[in-house]
Amino acid sequence: MTEIMMNSLNILAVGILLASLMAMTTPRMGQLIRIFTLQSLMLAGMAALVGYQTGSEHLYIIASIIVLLKVFIIPRFLNYSIERIKVKRELEPLLGIPGSLLLSAAIVVLAYFVTEPVISLTEVITRNCLAISLAVTLIGLLLMITRRKAMTEVIGLLMMENGLFLAVISTSHGMPLIVEMGIFFDVLVAVIIMGMFAFRINETFETSDTSILKRLRY
């Protein structure tokens, strides 16, 4: 049973990483939101499996909150936002798709190299997921850096948060429930504020390109 559980956890972790890599290959906002939704669903599944294996019942609650917040509420808000600002795709990323994939692959290799000493010293069932969580976090940061549209950067931030939460599951099997619920609330508020911010940029400058902010001078 333990081997099946470990294989299932590894498959979900790899799926979360592949979702981040897929996000680097598409300029379409709708596809980015669907990829984030799928990634969040796999993260919820992973939290539930870890909760089952370790007996941490609060992880079932966390998995349910992830599904409610990141699979239903936030994607619908993001879709509503891109409809309001009428932005369907990223037209001019700072780094092309081939370059983004090469850099993402380098990040994955770096993540395994950096976490190898830690992985070799741990005995938890999710120890192989630590490198993946670091890679997902850094790829989310790369998505934010290389894209111009405000909504794409919001999705990059959300993927970074997924990577950080995966790290929490990998190392400590979750934080206290009240802390995790506070984090989820902060994420929800941040997404709402950033969505409003993107709408205001689009309304003022008739574009959601964040590079336009460089023109603001005192």
# chains A, B, ... in the order shown; residues from 1 in each chain; ligands from 1

call {"tool": "closest_atom_pairs", "arguments": {"of": "segment 24-43 of chain A", "to": "segment 142-161 of chain A", "cutoff": "9 Å", "atoms": "only C-alpha atoms", "output": "tab-separated table"}}
result
residue	atom	partner	partner_atom	distance
A:Met24	CA	A:Leu143	CA	6.6
A:Pro27	CA	A:Thr152	CA	8.8
A:Met29	CA	A:Thr152	CA	7.0
A:Leu32	CA	A:Ile155	CA	7.4
A:Ile33	CA	A:Ile155	CA	7.2
A:Phe36	CA	A:Met159	CA	6.9
A:Gln39	CA	A:Met159	CA	8.2
A:Ser40	CA	A:Met159	CA	8.5

call {"tool": "write_last_selection", "arguments": {"atoms": "N, CA, C and O atoms", "output": "PDB file, in the first residue's frame"}}
result
ATOM      1  N   MET A  24       4.342  27.718 -19.527  1.00  0.00           N
ATOM      2  CA  MET A  24       5.383  28.482 -20.216  1.00  0.00           C
ATOM      3  C   MET A  24       5.260  28.369 -21.733  1.00  0.00           C
ATOM      4  O   MET A  24       5.913  29.116 -22.461  1.00  0.00           O
ATOM      5  N   PRO A  27       0.559  31.295 -24.843  1.00  0.00           N
ATOM      6  CA  PRO A  27       0.311  32.720 -24.614  1.00  0.00           C
ATOM      7  C   PRO A  27      -1.152  33.033 -24.342  1.00  0.00           C
ATOM      8  O   PRO A  27      -1.500  34.184 -24.080  1.00  0.00           O
ATOM      9  N   MET A  29      -4.613  33.326 -22.460  1.00  0.00           N
ATOM     10  CA  MET A  29      -5.036  33.505 -21.079  1.00  0.00           C
ATOM     11  C   MET A  29      -5.969  32.383 -20.621  1.00  0.00           C
ATOM     12  O   MET A  29      -5.844  31.868 -19.509  1.00  0.00           O
ATOM     13  N   LEU A  32      -4.037  29.313 -19.843  1.00  0.00           N
ATOM     14  CA  LEU A  32      -3.281  29.492 -18.599  1.00  0.00           C
ATOM     15  C   LEU A  32      -4.164  29.256 -17.383  1.00  0.00           C
ATOM     16  O   LEU A  32      -3.749  28.600 -16.420  1.00  0.00           O
ATOM     17  N   ILE A  33      -5.370  29.774 -17.436  1.00  0.00           N
ATOM     18  CA  ILE A  33      -6.287  29.602 -16.309  1.00  0.00           C
ATOM     19  C   ILE A  33      -6.660  28.126 -16.157  1.00  0.00           C
ATOM     20  O   ILE A  33      -6.714  27.603 -15.037  1.00  0.00           O
ATOM     21  N   PHE A  36      -3.715  26.308 -14.615  1.00  0.00           N
ATOM     22  CA  PHE A  36      -3.654  26.586 -13.174  1.00  0.00           C
ATOM     23  C   PHE A  36      -4.719  25.798 -12.421  1.00  0.00           C
ATOM     24  O   PHE A  36      -4.463  25.257 -11.333  1.00  0.00           O
ATOM     25  N   GLN A  39      -3.593  22.218 -12.201  1.00  0.00           N
ATOM     26  CA  GLN A  39      -2.499  22.119 -11.234  1.00  0.00           C
ATOM     27  C   GLN A  39      -3.034  22.161  -9.801  1.00  0.00           C
ATOM     28  O   GLN A  39      -2.595  21.389  -8.937  1.00  0.00           O
ATOM     29  N   SER A  40      -3.970  23.049  -9.547  1.00  0.00           N
ATOM     30  CA  SER A  40      -4.552  23.169  -8.207  1.00  0.00           C
ATOM     31  C   SER A  40      -5.334  21.920  -7.831  1.00  0.00           C
ATOM     32  O   SER A  40      -5.311  21.487  -6.666  1.00  0.00           O
TER      33      SER A  40
END

call {"tool": "atom_distance", "arguments": {"atom1": "atom CA of Val114 of chain A", "atom2": "atom CA of Leu130 of chain A"}}
result
10.1 Å

call {"tool": "atom_distance", "arguments": {"atom1": "atom CA of Leu164 of chain A", "atom2": "atom CA of Thr137 of chain A"}}
result
6.3 Å

call {"tool": "atom_distance", "arguments": {"atom1": "atom CA of Thr115 of chain A", "atom2": "atom CA of Glu57 of chain A"}}
result
27.9 Å
